[in-house]
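Asker: Quick one, entry10.txt (compact mmCIF, C-alpha atoms):
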# COMPACT_ATOMS: atom_id res chain seq x y z
CA MET A 1 19.22 -18.39 21.51
CA ASN A 2 21.21 -15.72 23.38
CA ARG A 3 22.91 -14.64 20.16
CA ASN A 4 19.55 -14.28 18.38
CA ARG A 5 18.18 -12.32 21.32
CA SER A 6 21.21 -10.01 21.22
CA ILE A 7 20.75 -9.38 17.50
CA ARG A 8 17.04 -8.78 17.99
CA ASP A 9 17.52 -6.43 20.93
CA GLY A 10 20.33 -4.58 19.20
CA ALA A 11 18.32 -4.05 16.01
CA ALA A 12 15.22 -3.01 17.91
CA GLY A 13 17.20 -0.65 20.13
CA PHE A 14 19.03 0.94 17.21
CA PHE A 15 15.81 1.45 15.27
CA SER A 16 14.05 2.93 18.31
CA ALA A 17 16.87 5.38 18.93
CA PHE A 18 16.98 6.38 15.26
CA ALA A 19 13.21 6.83 15.00
CA LEU A 20 12.94 8.77 18.28
CA SER A 21 15.83 11.01 17.31
CA PHE A 22 14.25 11.87 13.97
CA ALA A 23 10.76 12.25 15.45
CA ALA A 24 12.06 14.58 18.18
CA ARG A 25 13.14 17.05 15.52
CA GLY A 26 9.60 17.12 14.13
CA PRO A 27 8.33 17.76 10.60
CA ALA A 28 10.64 20.74 10.21
CA ALA A 29 13.64 18.40 10.04
CA TRP A 30 12.05 16.51 7.12
CA LYS A 31 11.33 19.78 5.25
CA HIS A 32 15.01 20.76 5.32
CA LEU A 33 16.10 17.52 3.62
CA ASN A 34 16.60 17.49 -0.12
CA VAL A 35 15.11 14.73 -2.31
CA GLY A 36 18.23 12.56 -2.09
CA GLN A 37 18.42 12.88 1.69
CA ARG A 38 14.72 12.03 2.07
CA LEU A 39 15.15 8.97 -0.13
CA ALA A 40 18.21 7.83 1.80
CA THR A 41 16.42 8.36 5.13
CA GLY A 42 13.36 6.45 3.94
CA VAL A 43 15.47 3.54 2.69
CA ALA A 44 17.42 3.46 5.95
CA MET A 45 14.27 3.37 8.06
CA ALA A 46 12.67 0.69 5.86
CA SER A 47 15.85 -1.40 6.06
CA LEU A 48 15.89 -1.10 9.84
CA ILE A 49 12.24 -2.14 10.07
CA LEU A 50 12.91 -5.19 7.89
CA ALA A 51 16.03 -6.07 9.85
CA ALA A 52 14.21 -5.81 13.17
CA GLY A 53 11.34 -7.89 11.83
CA TRP A 54 13.68 -10.58 10.54
CA ALA A 55 15.58 -10.68 13.82
CA THR A 56 12.39 -11.18 15.81
CA MET A 57 10.90 -13.74 13.42
CA PRO A 58 11.05 -17.37 14.64
CA ASN A 59 13.07 -19.85 12.59
CA ALA A 60 9.94 -21.50 11.19
CA GLY A 61 8.72 -18.14 9.95
CA LYS A 62 12.06 -17.40 8.31
CA LYS A 63 11.95 -20.71 6.45
CA GLU A 64 8.42 -19.96 5.22
CA ALA A 65 9.49 -16.48 4.08
CA VAL A 66 12.48 -17.86 2.16
CA LYS A 67 10.27 -20.52 0.54
CA TRP A 68 7.70 -17.88 -0.45
CA PHE A 69 10.31 -15.74 -2.19
CA ALA A 70 11.84 -18.80 -3.90
CA ASP A 71 8.43 -19.93 -5.19
CA LEU A 72 7.59 -16.45 -6.39
CA CYS A 73 10.91 -16.03 -8.21
CA SER A 74 10.61 -19.42 -9.91
CA ALA A 75 6.98 -18.71 -10.80
CA VAL A 76 7.77 -15.57 -12.81
CA ASN A 77 10.69 -17.23 -14.59
CA GLY A 78 8.44 -19.51 -16.66
CA PRO A 79 7.78 -19.07 -20.40
CA MET A 80 4.90 -16.63 -20.11
CA PHE A 81 6.68 -14.57 -17.49
CA SER A 82 10.27 -14.85 -18.64
CA SER A 83 12.73 -12.15 -17.57
CA SER A 84 14.89 -12.80 -20.66
CA ALA A 85 14.98 -10.11 -23.36
CA SER A 86 13.56 -12.34 -26.11
CA GLN A 87 11.69 -15.55 -26.91
CA THR A 88 11.67 -17.76 -30.00
CA ASP A 89 8.37 -18.25 -31.82
CA ALA A 90 7.19 -21.35 -33.72
CA SER A 91 9.10 -20.30 -36.86
CA GLY A 92 12.35 -19.89 -34.91
CA ALA A 93 12.33 -16.10 -35.09
CA ALA A 94 13.46 -14.09 -32.08
CA ARG A 95 10.65 -12.08 -30.50
CA PRO A 96 10.53 -9.69 -27.52
CA ALA A 97 9.55 -11.36 -24.23
CA THR A 98 6.69 -10.45 -21.93
CA VAL A 99 7.36 -8.37 -18.81
CA PRO A 100 5.58 -9.59 -15.64
CA LYS A 101 4.85 -7.74 -12.41
CA VAL A 102 3.33 -9.43 -9.36
CA LEU A 103 0.57 -7.23 -7.94
CA SER A 104 -0.66 -9.34 -5.05
CA CYS A 105 -0.80 -12.77 -3.47
CA GLU A 106 -3.39 -13.61 -0.83
CA PRO A 107 -4.47 -16.86 0.85
CA LEU A 108 -8.04 -18.01 0.14
CA PRO A 109 -9.68 -18.37 3.57
CA ASN A 110 -12.52 -20.49 2.18
CA VAL A 111 -10.17 -22.84 0.29
CA PRO A 112 -7.46 -24.05 2.70
CA GLY A 113 -4.08 -24.63 1.05
CA LYS A 114 -4.82 -22.34 -1.90
CA SER A 115 -4.04 -18.72 -2.67
CA VAL A 116 -4.92 -16.21 -5.38
CA THR A 117 -2.13 -14.40 -7.22
CA THR A 118 -2.63 -11.36 -9.45
CA LEU A 119 -0.04 -10.58 -12.11
CA MET A 120 0.27 -7.71 -14.58
CA VAL A 121 1.85 -8.84 -17.87
CA ASP A 122 3.14 -6.30 -20.37
CA PHE A 123 3.49 -7.40 -24.00
CA PRO A 124 5.85 -5.06 -25.87
CA PRO A 125 5.22 -4.73 -29.62
CA LEU A 126 5.40 -8.22 -31.24
CA ALA A 127 6.13 -9.84 -27.85
CA TYR A 128 5.69 -13.62 -27.76
CA SER A 129 5.10 -16.22 -25.06
CA PRO A 130 5.88 -19.86 -26.02
CA ALA A 131 4.01 -23.00 -24.98
CA HIS A 132 3.47 -23.59 -21.25
CA ARG A 133 0.95 -24.79 -18.68
CA HIS A 134 -0.39 -23.52 -15.38
CA PRO A 135 -1.04 -25.81 -12.40
CA GLY A 136 -4.15 -23.89 -11.37
CA SER A 137 -7.04 -22.04 -12.99
CA VAL A 138 -6.17 -18.77 -14.73
CA THR A 139 -8.39 -15.90 -15.85
CA ALA A 140 -6.81 -13.24 -18.08
CA ILE A 141 -8.34 -9.77 -18.50
CA ILE A 142 -7.10 -7.60 -21.36
CA LEU A 143 -6.29 -4.06 -20.24
CA GLU A 144 -4.73 -2.62 -23.36
CA GLY A 145 -4.12 -3.51 -27.00
CA THR A 146 -4.65 -6.93 -28.55
CA ILE A 147 -3.52 -10.32 -27.24
CA ARG A 148 -3.60 -13.30 -29.60
CA SER A 149 -3.80 -16.55 -27.65
CA GLN A 150 -4.35 -20.25 -28.35
CA LEU A 151 -5.12 -23.19 -26.07
CA ALA A 152 -4.60 -26.77 -27.21
CA GLY A 153 -7.65 -28.06 -29.10
CA SER A 154 -8.96 -24.57 -29.86
CA PRO A 155 -8.28 -22.10 -32.68
CA PRO A 156 -6.26 -18.96 -31.93
CA GLY A 157 -8.27 -15.92 -30.94
CA ASP A 158 -7.68 -12.19 -30.69
CA TYR A 159 -8.70 -10.59 -27.40
CA HIS A 160 -9.14 -6.85 -26.94
CA PHE A 161 -9.66 -4.37 -24.11
CA GLY A 162 -12.23 -5.63 -21.59
CA GLN A 163 -12.32 -9.19 -22.95
CA THR A 164 -11.20 -12.24 -21.00
CA PHE A 165 -10.05 -15.80 -21.55
CA PHE A 166 -9.89 -18.73 -19.16
CA GLU A 167 -7.29 -21.50 -18.83
CA PRO A 168 -8.31 -24.67 -16.96
CA PRO A 169 -5.59 -26.25 -14.78
CA GLY A 170 -2.92 -28.08 -16.76
CA THR A 171 -4.21 -27.01 -20.18
CA LEU A 172 -1.48 -26.54 -22.78
CA HIS A 173 -1.30 -22.85 -23.66
CA MET A 174 0.14 -23.04 -27.16
CA PHE A 175 1.22 -19.40 -27.30
CA ALA A 176 0.26 -15.83 -26.49
CA GLU A 177 1.48 -12.81 -28.42
CA ASN A 178 1.04 -9.16 -29.19
CA PRO A 179 0.58 -9.01 -32.97
CA ASP A 180 0.92 -5.23 -33.10
CA PRO A 181 4.34 -4.00 -34.32
CA VAL A 182 3.94 -0.58 -32.68
CA ARG A 183 1.68 -0.62 -29.62
CA HIS A 184 2.05 -2.39 -26.29
CA ALA A 185 -0.60 -4.75 -24.95
CA LYS A 186 -1.30 -5.58 -21.29
CA LEU A 187 -3.30 -8.09 -19.36
CA VAL A 188 -3.95 -8.96 -15.75
CA ALA A 189 -3.79 -12.68 -14.95
CA VAL A 190 -5.54 -14.02 -11.86
CA PHE A 191 -4.22 -17.40 -10.70
CA VAL A 192 -5.59 -19.85 -8.20
CA THR A 193 -2.36 -21.37 -6.91
CA ASP A 194 -1.04 -23.62 -4.21
CA GLU A 195 -0.23 -22.16 -0.82
CA ASN A 196 2.64 -19.63 -0.74
CA CYS A 197 1.69 -18.28 -4.18
CA GLY A 198 3.22 -20.81 -6.45
CA PRO A 199 4.29 -22.23 -8.67
CA LEU A 200 2.48 -20.32 -11.41
CA VAL A 201 3.97 -21.89 -14.55
CA LEU A 202 4.80 -25.44 -15.60
CA PRO A 203 6.80 -26.58 -18.64
CA PRO A 204 4.78 -27.73 -21.68
Rewrite the structure from the file as structure tokens, please.
Answerer:
Amino acid sequence: MNRNRSIRDGAAGFFSAFALSFAARGPAAWKHLNVGQRLATGVAMASLILAAGWATMPNAGKKEAVKWFADLCSAVNGPMFSSSASQTDASGAARPATVPKVLSCEPLPNVPGKSVTTLMVDFPPLAYSPAHRHPGSVTAIILEGTIRSQLAGSPPGDYHFGQTFFEPPGTLHMFAENPDPVRHAKLVAVFVTDENCGPLVLPP
């Protein structure tokens, strides 16, 4: 306990001294910094804020934070959100992979134990997403280009800008792809997930 308090007090004290020192010099000090110096200063201040926050966070909170990041990392490592450079389609051909970006994750106050996660998914030309499932409901909104998608028991369909498709929980998503060899396609996926924003993807 004393060690944690020392770390907390030291981080808080260091940050306070740094912030007060910089603030005392006023806006003029910021104007005299070049782009690199401003970036370095901003990163340093952000790091100090995070360090102070971590030091003051109770152990239970730290465990929840670690679990949240672990769930989020595992969620975007599934088939539809793979970070690998390529995927293999049904014919065995190598295809570019989708590129995900988490936009937000918020608890649903009216549905205890659930949260809503919003994800931007970029489909490079001819990108392909193999079969997978989602544990919760998913609504996809096409922002750009064409997305060809197929759910089990339904024929494949082409979806264009402004169109949507819905995936009930646990439904087998046979594939999703960008059929265009030149242009990118993008969609926003809105997930209703378990608490702490995950997981988002399940194996087929």
Asker: Mind listing whatever residues come within 10 Å of the point (-3.3, -22.3, -30.2)? Use all atoms listed in the file, file coordinates, and give them as a PyMOL selection string.
Answerer: chain A and resi 131+148-157+172-176
Asker: Rounded to one decimal place, report the CA of Val138 (chain A)-CA of Thr171 (chain A) distance in Å.
Answerer: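 If I compute the distance from CA of Val138 (chain A) to CA of Thr171 (chain A), I get 10.1 Å.
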Asker: Ranking A:Pro135, A:Pro168, A:Pro181, A:Pro112 by minimum distance to Pro204 (chain A) and counting only C-alpha atoms, which one comes first?
Answerer: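 Ranked by minimum distance to Pro204 (chain A), first place goes to A:Pro135.
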Asker: Pick from A:Gly162, A:Gly113, A:Pro130, A:Pro124: nearest to Asp194 (chain A), with only C-alpha atoms counted?
Answerer: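 Among A:Gly162, A:Gly113, A:Pro130, A:Pro124, it is A:Gly113 that comes nearest to Asp194 (chain A).
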Asker: Just the number, please: distance in Å from CA of Thr164 (chain A) to CA of Asn110 (chain A), one decimal.
Answerer: 24.6 Å
Asker: Hey, can you check how far CA of Pro125 (chain A) sits from CA of Leu202 (chain A)?
Answerer: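 Interatomic distance here is 25.0 Å.
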Asker: Which is closest to Arg95 (chain A) among A:Pro107, A:Ala189, A:Tyr128, A:Thr118, if we use all atoms listed in the file?
Answerer: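 Among the listed residues, the smallest separation from Arg95 (chain A) belongs to A:Tyr128.
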Asker: Taking (-2.7, -6.2, -22.7) in the file's coordinates as the center, which residues reach within 10 Å of it, counting all atoms listed in the file, put as a list in words?
Answerer: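 Here the neighbourhood of the point contains Met120, Val121, Asp122, Phe123, Pro124, Ala140, Ile141, Ile142, Leu143, Glu144, Gly145, Thr146, Ile147, Arg148, Tyr159, His160, Phe161, Gly162, Glu177, Asn178, Arg183, His184, Ala185, Lys186, Leu187 and Val188 of chain A.
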Asker: Complete the atom set of region 92-122 of chain A to N, CA and C atoms and return it as an mmCIF file, keeping the file's coordinate frame.
Answerer:
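File written: result.cif
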data_model
loop_
_atom_site.group_PDB
_atom_site.id
_atom_site.type_symbol
_atom_site.label_atom_id
_atom_site.label_comp_id
_atom_site.auth_asym_id
_atom_site.auth_seq_id
_atom_site.Cartn_x
_atom_site.Cartn_y
_atom_site.Cartn_z
ATOM 1 N N GLY A 92 10.941 -20.028 -35.284
ATOM 2 C CA GLY A 92 12.350 -19.890 -34.910
ATOM 3 C C GLY A 92 12.834 -18.459 -34.852
ATOM 4 N N ALA A 93 11.933 -17.505 -35.117
ATOM 5 C CA ALA A 93 12.330 -16.100 -35.090
ATOM 6 C C ALA A 93 12.377 -15.581 -33.660
ATOM 7 N N ALA A 94 13.341 -14.710 -33.399
ATOM 8 C CA ALA A 94 13.460 -14.090 -32.080
ATOM 9 C C ALA A 94 12.398 -13.021 -31.923
ATOM 10 N N ARG A 95 11.716 -13.046 -30.781
ATOM 11 C CA ARG A 95 10.650 -12.080 -30.500
ATOM 12 C C ARG A 95 10.882 -11.487 -29.113
ATOM 13 N N PRO A 96 10.429 -10.255 -28.874
ATOM 14 C CA PRO A 96 10.530 -9.690 -27.520
ATOM 15 C C PRO A 96 9.750 -10.559 -26.525
ATOM 16 N N ALA A 97 10.212 -10.579 -25.282
ATOM 17 C CA ALA A 97 9.550 -11.360 -24.230
ATOM 18 C C ALA A 97 8.541 -10.497 -23.482
ATOM 19 N N THR A 98 7.639 -11.151 -22.785
ATOM 20 C CA THR A 98 6.690 -10.450 -21.930
ATOM 21 C C THR A 98 7.399 -9.949 -20.672
ATOM 22 N N VAL A 99 6.792 -8.963 -20.023
ATOM 23 C CA VAL A 99 7.360 -8.370 -18.810
ATOM 24 C C VAL A 99 6.321 -8.496 -17.682
ATOM 25 N N PRO A 100 6.568 -9.382 -16.703
ATOM 26 C CA PRO A 100 5.580 -9.590 -15.640
ATOM 27 C C PRO A 100 5.815 -8.696 -14.428
ATOM 28 N N LYS A 101 4.751 -8.458 -13.679
ATOM 29 C CA LYS A 101 4.850 -7.740 -12.410
ATOM 30 C C LYS A 101 3.802 -8.309 -11.460
ATOM 31 N N VAL A 102 4.256 -8.891 -10.354
ATOM 32 C CA VAL A 102 3.330 -9.430 -9.360
ATOM 33 C C VAL A 102 2.658 -8.269 -8.625
ATOM 34 N N LEU A 103 1.325 -8.276 -8.617
ATOM 35 C CA LEU A 103 0.570 -7.230 -7.940
ATOM 36 C C LEU A 103 0.156 -7.638 -6.538
ATOM 37 N N SER A 104 -0.215 -8.904 -6.368
ATOM 38 C CA SER A 104 -0.660 -9.340 -5.050
ATOM 39 C C SER A 104 -0.645 -10.855 -4.969
ATOM 40 N N CYS A 105 -0.643 -11.349 -3.745
ATOM 41 C CA CYS A 105 -0.800 -12.770 -3.470
ATOM 42 C C CYS A 105 -1.466 -12.891 -2.098
ATOM 43 N N GLU A 106 -2.631 -13.519 -2.072
ATOM 44 C CA GLU A 106 -3.390 -13.610 -0.830
ATOM 45 C C GLU A 106 -3.912 -15.036 -0.639
ATOM 46 N N PRO A 107 -3.876 -15.550 0.592
ATOM 47 C CA PRO A 107 -4.470 -16.860 0.850
ATOM 48 C C PRO A 107 -5.990 -16.798 0.679
ATOM 49 N N LEU A 108 -6.582 -17.921 0.267
ATOM 50 C CA LEU A 108 -8.040 -18.010 0.140
ATOM 51 C C LEU A 108 -8.598 -18.629 1.415
ATOM 52 N N PRO A 109 -9.214 -17.847 2.283
ATOM 53 C CA PRO A 109 -9.680 -18.370 3.570
ATOM 54 C C PRO A 109 -10.700 -19.500 3.428
ATOM 55 N N ASN A 110 -11.483 -19.464 2.362
ATOM 56 C CA ASN A 110 -12.520 -20.490 2.180
ATOM 57 C C ASN A 110 -12.030 -21.721 1.428
ATOM 58 N N VAL A 111 -10.758 -21.691 0.975
ATOM 59 C CA VAL A 111 -10.170 -22.840 0.290
ATOM 60 C C VAL A 111 -8.793 -23.097 0.914
ATOM 61 N N PRO A 112 -8.736 -23.819 2.013
ATOM 62 C CA PRO A 112 -7.460 -24.050 2.700
ATOM 63 C C PRO A 112 -6.416 -24.650 1.771
ATOM 64 N N GLY A 113 -5.180 -24.134 1.869
ATOM 65 C CA GLY A 113 -4.080 -24.630 1.050
ATOM 66 C C GLY A 113 -3.970 -23.962 -0.304
ATOM 67 N N LYS A 114 -4.858 -23.023 -0.615
ATOM 68 C CA LYS A 114 -4.820 -22.340 -1.900
ATOM 69 C C LYS A 114 -4.682 -20.837 -1.693
ATOM 70 N N SER A 115 -4.160 -20.167 -2.716
ATOM 71 C CA SER A 115 -4.040 -18.720 -2.670
ATOM 72 C C SER A 115 -4.403 -18.163 -4.047
ATOM 73 N N VAL A 116 -4.630 -16.859 -4.102
ATOM 74 C CA VAL A 116 -4.920 -16.210 -5.380
ATOM 75 C C VAL A 116 -3.818 -15.189 -5.648
ATOM 76 N N THR A 117 -3.222 -15.285 -6.836
ATOM 77 C CA THR A 117 -2.130 -14.400 -7.220
ATOM 78 C C THR A 117 -2.556 -13.568 -8.425
ATOM 79 N N THR A 118 -2.291 -12.274 -8.355
ATOM 80 C CA THR A 118 -2.630 -11.360 -9.450
ATOM 81 C C THR A 118 -1.342 -10.837 -10.067
ATOM 82 N N LEU A 119 -1.262 -10.931 -11.391
ATOM 83 C CA LEU A 119 -0.040 -10.580 -12.110
ATOM 84 C C LEU A 119 -0.386 -9.650 -13.261
ATOM 85 N N MET A 120 0.370 -8.569 -13.398
ATOM 86 C CA MET A 120 0.270 -7.710 -14.580
ATOM 87 C C MET A 120 1.330 -8.189 -15.580
ATOM 88 N N VAL A 121 0.913 -8.400 -16.839
ATOM 89 C CA VAL A 121 1.850 -8.840 -17.870
ATOM 90 C C VAL A 121 1.833 -7.846 -19.011
ATOM 91 N N ASP A 122 2.994 -7.251 -19.276
ATOM 92 C CA ASP A 122 3.140 -6.300 -20.370
ATOM 93 C C ASP A 122 3.685 -7.042 -21.591
#
